[in-house]
$ cat data-v4.cif   # mmCIF, C-alpha atoms and all ligand atoms
data_query
#
loop_
_atom_site.label_atom_id
_atom_site.label_comp_id
_atom_site.auth_asym_id
_atom_site.auth_seq_id
_atom_site.Cartn_x
_atom_site.Cartn_y
_atom_site.Cartn_z
CA MET A 6 0.00 0.00 0.00
CA SER A 7 2.84 2.38 0.78
CA ASP A 8 3.88 2.37 -2.88
CA THR A 9 0.42 3.24 -4.18
CA LYS A 10 0.58 6.10 -6.67
CA VAL A 11 -2.34 8.10 -8.06
CA TYR A 12 -2.08 9.89 -11.40
CA LEU A 13 -4.79 12.19 -12.73
CA LEU A 14 -5.30 11.82 -16.48
CA ASP A 15 -6.35 15.24 -17.77
CA GLY A 16 -9.17 14.64 -20.25
CA GLY A 17 -9.84 18.18 -21.44
CA SER A 18 -12.87 20.33 -20.63
CA LEU A 19 -16.55 20.95 -21.37
CA VAL A 20 -19.02 23.80 -20.89
CA LEU A 21 -22.33 23.81 -19.04
CA ASP A 22 -24.60 26.62 -17.93
CA GLY A 23 -24.15 27.59 -14.29
CA PHE A 24 -27.73 26.55 -13.54
CA HIS A 25 -26.82 22.98 -14.54
CA VAL A 26 -23.67 22.92 -12.41
CA PHE A 27 -25.52 24.49 -9.45
CA TRP A 28 -29.10 23.23 -9.68
CA ASN A 29 -31.75 25.91 -9.10
CA LYS A 30 -29.08 28.23 -7.77
CA GLY A 31 -26.74 29.31 -10.54
CA PRO A 32 -25.67 31.96 -11.37
CA GLY A 33 -26.29 31.31 -15.04
CA GLY A 34 -23.69 31.72 -17.76
CA GLU A 35 -21.06 29.48 -19.30
CA VAL A 36 -18.95 27.45 -16.90
CA ARG A 37 -15.97 25.59 -18.39
CA PHE A 38 -15.02 22.62 -16.25
CA PRO A 39 -12.36 19.88 -16.35
CA VAL A 40 -12.86 16.18 -16.98
CA TYR A 41 -10.27 13.70 -15.76
CA SER A 42 -9.71 10.03 -15.02
CA ILE A 43 -7.83 8.48 -12.11
CA LEU A 44 -5.02 5.96 -12.58
CA ILE A 45 -4.02 3.99 -9.49
CA GLU A 46 -0.69 2.18 -9.60
CA HIS A 47 -1.05 -0.44 -6.89
CA ALA A 48 0.74 -3.57 -5.70
CA GLU A 49 -2.32 -5.54 -6.89
CA GLY A 50 -2.35 -4.01 -10.40
CA ARG A 51 -3.13 -0.91 -12.42
CA PHE A 52 -6.63 0.40 -11.84
CA LEU A 53 -8.29 3.07 -13.99
CA ILE A 54 -11.29 4.85 -12.50
CA ASP A 55 -13.41 6.37 -15.30
CA THR A 56 -12.24 7.13 -18.83
CA GLY A 57 -13.33 10.70 -19.66
CA TYR A 58 -15.30 11.76 -22.73
CA ASP A 59 -14.89 10.96 -26.42
CA TYR A 60 -14.37 14.18 -28.40
CA ASP A 61 -16.13 12.93 -31.54
CA HIS A 62 -19.14 11.77 -29.51
CA VAL A 63 -19.52 15.15 -27.82
CA MET A 64 -19.14 17.02 -31.14
CA LYS A 65 -21.82 14.79 -32.67
CA VAL A 66 -24.34 14.63 -29.81
CA LEU A 67 -23.60 17.54 -27.44
CA PRO A 68 -21.60 20.12 -29.43
CA PHE A 69 -23.14 22.85 -27.22
CA GLU A 70 -20.84 21.62 -24.43
CA LYS A 71 -17.92 22.98 -26.53
CA PRO A 72 -15.38 20.22 -25.91
CA MET A 73 -11.71 21.15 -25.77
CA GLN A 74 -9.42 18.11 -25.84
CA THR A 75 -5.92 17.86 -27.28
CA LYS A 76 -4.41 14.58 -28.42
CA GLU A 77 -2.48 14.45 -25.14
CA GLN A 78 -5.83 14.68 -23.32
CA THR A 79 -7.27 11.54 -24.93
CA ILE A 80 -6.94 8.39 -22.83
CA PRO A 81 -4.22 6.87 -25.03
CA GLY A 82 -2.46 10.26 -25.11
CA ALA A 83 -2.53 10.74 -21.34
CA LEU A 84 -1.31 7.17 -20.76
CA ALA A 85 1.49 7.63 -23.32
CA LYS A 86 2.81 10.56 -21.25
CA LEU A 87 3.38 8.00 -18.49
CA GLY A 88 4.99 5.49 -20.84
CA LEU A 89 1.85 3.34 -20.74
CA GLU A 90 -0.55 1.88 -23.27
CA PRO A 91 -4.18 0.88 -22.72
CA LYS A 92 -3.15 -2.80 -22.57
CA ASP A 93 -1.14 -2.01 -19.41
CA ILE A 94 -4.37 -1.35 -17.47
CA ASP A 95 -5.66 -4.36 -15.53
CA VAL A 96 -9.01 -3.11 -14.21
CA VAL A 97 -11.39 -0.37 -15.37
CA PHE A 98 -13.91 0.75 -12.77
CA ASN A 99 -16.63 3.21 -13.85
CA SER A 100 -18.14 5.47 -11.16
CA HIS A 101 -21.24 5.70 -13.40
CA PHE A 102 -21.91 5.77 -17.14
CA HIS A 103 -22.50 9.42 -17.97
CA PHE A 104 -20.71 10.14 -21.25
CA ASP A 105 -17.95 12.16 -19.56
CA HIS A 106 -16.90 9.12 -17.48
CA CYS A 107 -16.96 6.24 -19.98
CA GLY A 108 -15.89 7.69 -23.35
CA GLY A 109 -12.50 5.95 -23.31
CA ASN A 110 -13.71 2.53 -22.18
CA LYS A 111 -13.49 1.38 -25.81
CA TYR A 112 -9.68 1.26 -25.50
CA PHE A 113 -9.80 -1.48 -22.85
CA PRO A 114 -11.33 -4.65 -24.34
CA HIS A 115 -8.76 -6.75 -22.46
CA ALA A 116 -9.31 -5.23 -18.98
CA LYS A 117 -11.54 -6.51 -16.21
CA LYS A 118 -14.48 -4.11 -15.98
CA ILE A 119 -16.46 -3.34 -12.82
CA CYS A 120 -19.34 -1.00 -11.96
CA HIS A 121 -22.43 -0.86 -9.77
CA LYS A 122 -24.86 -3.60 -10.76
CA LEU A 123 -27.62 -1.11 -11.65
CA GLU A 124 -25.59 1.16 -13.98
CA VAL A 125 -25.57 -1.03 -17.11
CA PRO A 126 -29.33 -1.72 -16.82
CA GLN A 127 -29.87 2.04 -16.40
CA THR A 128 -27.81 2.75 -19.52
CA CYS A 129 -29.93 0.19 -21.38
CA ASN A 130 -33.16 1.86 -20.22
CA PRO A 131 -32.55 5.38 -18.89
CA GLN A 132 -35.24 7.73 -17.61
CA PRO A 133 -36.28 10.21 -20.34
CA PHE A 134 -34.36 13.03 -18.60
CA GLU A 135 -31.20 10.87 -18.48
CA VAL A 136 -30.95 10.11 -22.20
CA LEU A 137 -28.32 12.76 -22.93
CA GLY A 138 -26.21 11.82 -19.91
CA TYR A 139 -26.24 8.16 -20.97
CA SER A 140 -25.70 9.01 -24.65
CA ASP A 141 -22.29 7.34 -25.14
CA VAL A 142 -22.99 3.60 -25.15
CA SER A 143 -19.76 2.63 -26.93
CA PHE A 144 -18.54 1.03 -23.67
CA SER A 145 -21.08 -1.80 -23.80
CA ALA A 146 -22.30 -3.98 -26.66
CA GLU A 147 -25.25 -4.95 -24.45
CA ALA A 148 -26.29 -1.32 -23.88
CA ALA A 149 -25.72 -0.36 -27.53
CA GLU A 150 -27.95 -3.22 -28.64
CA ALA A 151 -30.64 -2.39 -26.07
CA ARG A 152 -30.70 1.25 -27.25
CA GLY A 153 -30.47 0.46 -30.98
CA MET A 154 -27.19 2.37 -31.11
CA THR A 155 -24.75 -0.33 -32.27
CA ASP A 156 -23.37 2.22 -34.76
CA GLN A 157 -21.41 3.61 -31.79
CA LEU A 158 -19.55 0.34 -31.22
CA MET A 159 -15.92 0.29 -32.23
CA GLU A 160 -14.93 -2.66 -34.41
CA GLY A 161 -13.95 -5.41 -32.01
CA THR A 162 -16.25 -4.42 -29.13
CA THR A 163 -18.30 -7.51 -28.31
CA VAL A 164 -20.65 -8.60 -25.54
CA ALA A 165 -17.85 -10.90 -24.32
CA ASN A 166 -15.22 -8.15 -24.01
CA SER A 167 -17.53 -5.38 -22.74
CA THR A 168 -19.35 -7.19 -19.96
CA PHE A 169 -19.11 -5.76 -16.45
CA GLU A 170 -18.88 -7.37 -13.08
CA GLY A 171 -21.67 -5.71 -11.09
CA VAL A 172 -21.11 -4.79 -7.44
CA GLU A 173 -23.27 -3.12 -4.78
CA GLY A 174 -22.76 -1.22 -1.54
CA ASP A 175 -19.29 -0.13 -0.46
CA VAL A 176 -16.47 -2.10 -2.07
CA GLU A 177 -12.71 -2.40 -1.49
CA LEU A 178 -11.32 -2.76 -5.02
CA ALA A 179 -7.78 -3.38 -3.73
CA LYS A 180 -6.14 -2.78 -0.36
CA GLY A 181 -6.75 0.89 0.47
CA VAL A 182 -8.75 1.53 -2.74
CA LYS A 183 -12.26 2.02 -1.43
CA LEU A 184 -15.45 2.73 -3.33
CA PHE A 185 -18.26 4.35 -1.40
CA PHE A 186 -21.79 4.03 -2.76
CA THR A 187 -23.06 7.60 -3.20
CA PRO A 188 -26.27 7.39 -5.29
CA GLY A 189 -28.47 10.28 -6.35
CA HIS A 190 -26.52 11.82 -9.21
CA SER A 191 -26.98 8.44 -10.88
CA ILE A 192 -28.60 5.22 -9.69
CA GLY A 193 -25.33 3.39 -9.03
CA HIS A 194 -22.85 6.22 -8.43
CA TYR A 195 -19.62 5.65 -6.53
CA SER A 196 -17.11 8.00 -4.90
CA LEU A 197 -13.51 6.83 -4.43
CA MET A 198 -11.08 6.94 -1.52
CA VAL A 199 -7.44 6.01 -1.94
CA GLU A 200 -5.26 5.38 1.12
CA PHE A 201 -1.47 5.74 1.12
CA GLY A 202 1.35 4.75 3.43
CA ASN A 203 2.82 8.20 3.86
CA ARG A 204 0.12 10.80 3.32
CA ALA A 205 -3.53 11.55 4.03
CA PRO A 206 -6.11 9.60 2.03
CA ILE A 207 -7.67 11.28 -0.98
CA LEU A 208 -11.44 11.21 -1.33
CA PHE A 209 -12.60 11.76 -4.90
CA THR A 210 -16.21 12.91 -4.75
CA ILE A 211 -16.70 12.09 -8.44
CA ASP A 212 -20.09 13.54 -9.46
CA ALA A 213 -21.65 13.47 -5.99
CA ALA A 214 -20.15 16.99 -5.81
CA TYR A 215 -18.96 18.61 -9.05
CA THR A 216 -17.14 21.38 -7.14
CA GLN A 217 -16.01 22.39 -3.65
CA LYS A 218 -18.79 24.99 -3.60
CA SER A 219 -21.31 22.26 -4.48
CA LEU A 220 -20.35 20.35 -1.33
CA VAL A 221 -20.17 23.38 0.96
CA THR A 222 -23.62 24.59 -0.14
CA LEU A 223 -25.08 21.07 -0.63
CA CYS A 224 -25.98 22.17 -4.17
CA GLN A 225 -25.91 19.25 -6.60
CA ALA A 226 -25.85 19.37 -10.40
CA SER A 227 -29.15 19.48 -12.27
CA PHE A 228 -28.42 16.00 -13.62
CA HIS A 229 -29.64 13.42 -11.12
CA ILE A 230 -32.07 10.57 -10.69
CA ASP A 231 -32.86 11.20 -7.01
CA PRO A 232 -32.01 14.62 -5.59
CA VAL A 233 -32.80 13.64 -1.99
CA ALA A 234 -30.37 10.71 -2.24
CA GLY A 235 -27.96 13.22 -3.79
CA VAL A 236 -28.07 15.46 -0.71
CA ASN A 237 -27.64 12.43 1.55
CA SER A 238 -24.61 11.35 -0.50
CA MET A 239 -23.05 14.82 -0.23
CA ASN A 240 -23.46 14.67 3.54
CA ARG A 241 -21.95 11.18 3.52
CA VAL A 242 -18.94 12.41 1.53
CA LYS A 243 -18.39 15.24 4.03
CA GLN A 244 -18.57 12.80 6.95
CA LEU A 245 -16.22 10.29 5.27
CA ALA A 246 -13.63 13.01 4.65
CA GLU A 247 -13.83 14.09 8.29
CA ASP A 248 -13.74 10.55 9.72
CA HIS A 249 -10.72 9.53 7.59
CA GLY A 250 -8.87 12.85 7.63
CA ALA A 251 -9.04 12.74 3.83
CA ASP A 252 -8.21 15.45 1.32
CA LEU A 253 -11.17 16.06 -0.98
CA MET A 254 -10.83 16.25 -4.75
CA PHE A 255 -13.74 17.29 -6.93
CA SER A 256 -14.70 15.99 -10.36
CA HIS A 257 -15.54 19.15 -12.29
CA ASP A 258 -14.03 22.12 -10.41
CA MET A 259 -11.75 24.17 -12.69
CA GLU A 260 -10.35 26.44 -9.99
CA ASN A 261 -9.28 23.49 -7.83
CA PHE A 262 -8.25 21.34 -10.80
CA LYS A 263 -5.62 23.92 -11.75
CA THR A 264 -3.88 23.11 -8.43
CA TYR A 265 -4.06 19.31 -8.93
CA ARG A 266 -1.06 17.24 -10.07
CA THR A 267 -1.45 15.96 -13.65
CA GLY A 268 0.78 14.40 -16.28
CA THR A 269 3.82 12.70 -14.77
CA GLN A 270 3.27 14.29 -11.36
CA PHE A 271 1.45 11.99 -8.92
CA TYR A 272 0.06 11.59 -5.43
CA GLY A 273 1.60 9.02 -3.12
C1 LIG B 1 -21.26 17.15 -18.61
C2 LIG B 1 -22.65 16.62 -18.64
N1 LIG B 1 -23.51 17.09 -19.52
C3 LIG B 1 -24.76 16.60 -19.60
C4 LIG B 1 -25.15 15.62 -18.75
C5 LIG B 1 -26.38 14.96 -18.63
O1 LIG B 1 -27.40 15.12 -19.30
O2 LIG B 1 -26.31 14.06 -17.62
C6 LIG B 1 -24.98 14.11 -17.06
C7 LIG B 1 -24.31 15.13 -17.83
C8 LIG B 1 -23.02 15.62 -17.76
O3 LIG B 1 -22.16 15.13 -16.86
ZN ZN B 2 -22.28 12.30 -14.03
ZN ZN B 3 -19.24 14.04 -14.68
#
$ encode --input "data-v4.cif" --output "structure tokens" --more "lines below"
Ligand code: 5PN
Ligand code: ZN
Ligand code: ZN
Amino acid sequence: MSDTKVYLLDGGSLVLDGFHVFWNKGPGGEVRFPVYSILIEHAEGRFLIDTGYDYDHVMKVLPFEKPMQTKEQTIPGALAKLGLEPKDIDVVFNSHFHFDHCGGNKYFPHAKKICHKLEVPQTCNPQPFEVLGYSDVSFSAEAAEARGMTDQLMEGTTVANSTFEGVEGDVELAKGVKLFFTPGHSIGHYSLMVEFGNRAPILFTIDAAYTQKSLVTLCQASFHIDPVAGVNSMNRVKQLAEDHGADLMFSHDMENFKTYRTGTQFYG
């Protein structure tokens, strides 16, 4: 555990209106926010938590989110900076299947894939207001078939190599790599805590709290399946950080992201 290293893979940025980032609160206006994935180098293997968004998908389906992503900010590009290739990743865990968290899954046919047991069924049959969030189904042949969107599948993506192990409740993925069930934003959403030998744990809120201000004000994003569960999950994240003495890191907070280590710099 003491040699656990965490790298943030910068995946570029997107734009939303402030009233989406801060539901029913705003202020309105364009907010550009970061998207990133989390690579955990661990004694038990290399774990990738989420895979960012696919630029072509966003340009095709949500161009109004104005994606900015260089080649270095694609998943293969960010891994290459670390001297790694997709095949070097052992396990891909998805916090949930919104398009900005699963766009690079297509690069990992060989990896073991894990998510909450309700997230693939939800992608197959989303609520009407979730259709845009669950619009990138390239990560799952099963979901693409269920939605009639097999045109999104990359050549070589099959049911056999895109099937997930479904988990529920809190899960320890590897020693000191802990997933906390924080539903509300999505039906099977997870936040992530990583423990180290020589420093405070890091608690990644993922989309339970897009920004620090979201958590302080208990103001969730407008995208959610159960806003009451979302508030409960934000309170749970706050309590977990306090109980474990963890440093919090937010999923979509540009001001804080600018202070985070990216590229070859790491935590651990
Ligand atoms: C970045 C972003 N944009 C739109 C949606 C949505 O409809 O559900 C989730 C989501 C996003 O994370
Ligand atoms: Zn989300
Ligand atoms: Zn997100």
$ residues_around --input "data-v4.cif" --residues "Lys65 in chain A" --least-positions-apart "4" --cutoff "12 Å" --atoms "only C-alpha atoms" --output "PyMOL selection string"
chain A and resi 59-61+69-72+137+140-141+157
$ atom_distance --input "data-v4.cif" --atom1 "CA of Tyr41 in chain A" --atom2 "CA of Leu14 in chain A"
5.4 Å
$ residues_near_ligand --input "data-v4.cif" --ligand "ligand ZN 2 (chain B)" --cutoff "10 Å" --atoms "only C-alpha atoms and all ligand atoms" --output "number ranges by chain"
A: 100-106, 138-139, 190-191, 194, 211-215, 226, 228-229, 256-257
$ closest_residue --input "data-v4.cif" --among "A:Asp156, A:Glu150, A:Glu260, A:Glu177" --to "Phe98 in chain A" --atoms "only C-alpha atoms"
A:Glu177
$ atom_distance --input "data-v4.cif" --atom1 "CA of Asn166 in chain A" --atom2 "CA of Leu178 in chain A"
20.1 Å
$ closest_residue --input "data-v4.cif" --among "A:Asn110, A:Thr264, A:Asn99, A:Ser18" --to "ligand LIG 1 (chain B)" --atoms "all atoms listed in the file"
A:Ser18
$ residues_near_point --input "data-v4.cif" --point "(-7.5, 11.2, -26.0)" --cutoff "12 Å" --atoms "only C-alpha atoms" --output "PDB file with C-alpha atoms, in the frame of the given file"
ATOM      1  CA  LEU A  14      -5.300  11.820 -16.480  1.00  0.00           C
ATOM      2  CA  ASP A  15      -6.350  15.240 -17.770  1.00  0.00           C
ATOM      3  CA  GLY A  16      -9.170  14.640 -20.250  1.00  0.00           C
ATOM      4  CA  GLY A  17      -9.840  18.180 -21.440  1.00  0.00           C
ATOM      5  CA  SER A  18     -12.870  20.330 -20.630  1.00  0.00           C
ATOM      6  CA  VAL A  40     -12.860  16.180 -16.980  1.00  0.00           C
ATOM      7  CA  TYR A  41     -10.270  13.700 -15.760  1.00  0.00           C
ATOM      8  CA  SER A  42      -9.710  10.030 -15.020  1.00  0.00           C
ATOM      9  CA  THR A  56     -12.240   7.130 -18.830  1.00  0.00           C
ATOM     10  CA  GLY A  57     -13.330  10.700 -19.660  1.00  0.00           C
ATOM     11  CA  TYR A  58     -15.300  11.760 -22.730  1.00  0.00           C
ATOM     12  CA  ASP A  59     -14.890  10.960 -26.420  1.00  0.00           C
ATOM     13  CA  TYR A  60     -14.370  14.180 -28.400  1.00  0.00           C
ATOM     14  CA  ASP A  61     -16.130  12.930 -31.540  1.00  0.00           C
ATOM     15  CA  PRO A  72     -15.380  20.220 -25.910  1.00  0.00           C
ATOM     16  CA  MET A  73     -11.710  21.150 -25.770  1.00  0.00           C
ATOM     17  CA  GLN A  74      -9.420  18.110 -25.840  1.00  0.00           C
ATOM     18  CA  THR A  75      -5.920  17.860 -27.280  1.00  0.00           C
ATOM     19  CA  LYS A  76      -4.410  14.580 -28.420  1.00  0.00           C
ATOM     20  CA  GLU A  77      -2.480  14.450 -25.140  1.00  0.00           C
ATOM     21  CA  GLN A  78      -5.830  14.680 -23.320  1.00  0.00           C
ATOM     22  CA  THR A  79      -7.270  11.540 -24.930  1.00  0.00           C
ATOM     23  CA  ILE A  80      -6.940   8.390 -22.830  1.00  0.00           C
ATOM     24  CA  PRO A  81      -4.220   6.870 -25.030  1.00  0.00           C
ATOM     25  CA  GLY A  82      -2.460  10.260 -25.110  1.00  0.00           C
ATOM     26  CA  ALA A  83      -2.530  10.740 -21.340  1.00  0.00           C
ATOM     27  CA  LEU A  84      -1.310   7.170 -20.760  1.00  0.00           C
ATOM     28  CA  ALA A  85       1.490   7.630 -23.320  1.00  0.00           C
ATOM     29  CA  LYS A  86       2.810  10.560 -21.250  1.00  0.00           C
ATOM     30  CA  GLU A  90      -0.550   1.880 -23.270  1.00  0.00           C
ATOM     31  CA  PRO A  91      -4.180   0.880 -22.720  1.00  0.00           C
ATOM     32  CA  GLY A 108     -15.890   7.690 -23.350  1.00  0.00           C
ATOM     33  CA  GLY A 109     -12.500   5.950 -23.310  1.00  0.00           C
ATOM     34  CA  ASN A 110     -13.710   2.530 -22.180  1.00  0.00           C
ATOM     35  CA  LYS A 111     -13.490   1.380 -25.810  1.00  0.00           C
ATOM     36  CA  TYR A 112      -9.680   1.260 -25.500  1.00  0.00           C
TER      37      TYR A 112
END
$ atom_distance --input "data-v4.cif" --atom1 "CA of Ala149 in chain A" --atom2 "CA of Ile43 in chain A"
25.2 Å
$ closest_residue --input "data-v4.cif" --among "A:Gly202, A:Gly161, A:Gly171, A:Pro131" --to "ligand LIG 1 (chain B)" --atoms "only C-alpha atoms and all ligand atoms"
A:Pro131
$ closest_residue --input "data-v4.cif" --among "A:Ile230, A:Ala116, A:Leu197, A:Met159" --to "ligand LIG 1 (chain B)" --atoms "only C-alpha atoms and all ligand atoms"
A:Ile230
$ residues_around --input "data-v4.cif" --residues "Gly23 in chain A" --least-positions-apart "4" --cutoff "8 Å" --atoms "only C-alpha atoms" --output "PyMOL selection string"
chain A and resi 27+31-36
$ residues_around --input "data-v4.cif" --residues "range 93-96 of chain A" --least-positions-apart "2" --cutoff "9 Å" --atoms "only C-alpha atoms" --output "list in words"
Leu44, Gly50, Arg51, Phe52, Leu53, Ile54, Leu89, Glu90, Pro91, Phe98, Phe113, His115, Ala116, Lys117, Lys118 and Ile119 of chain A
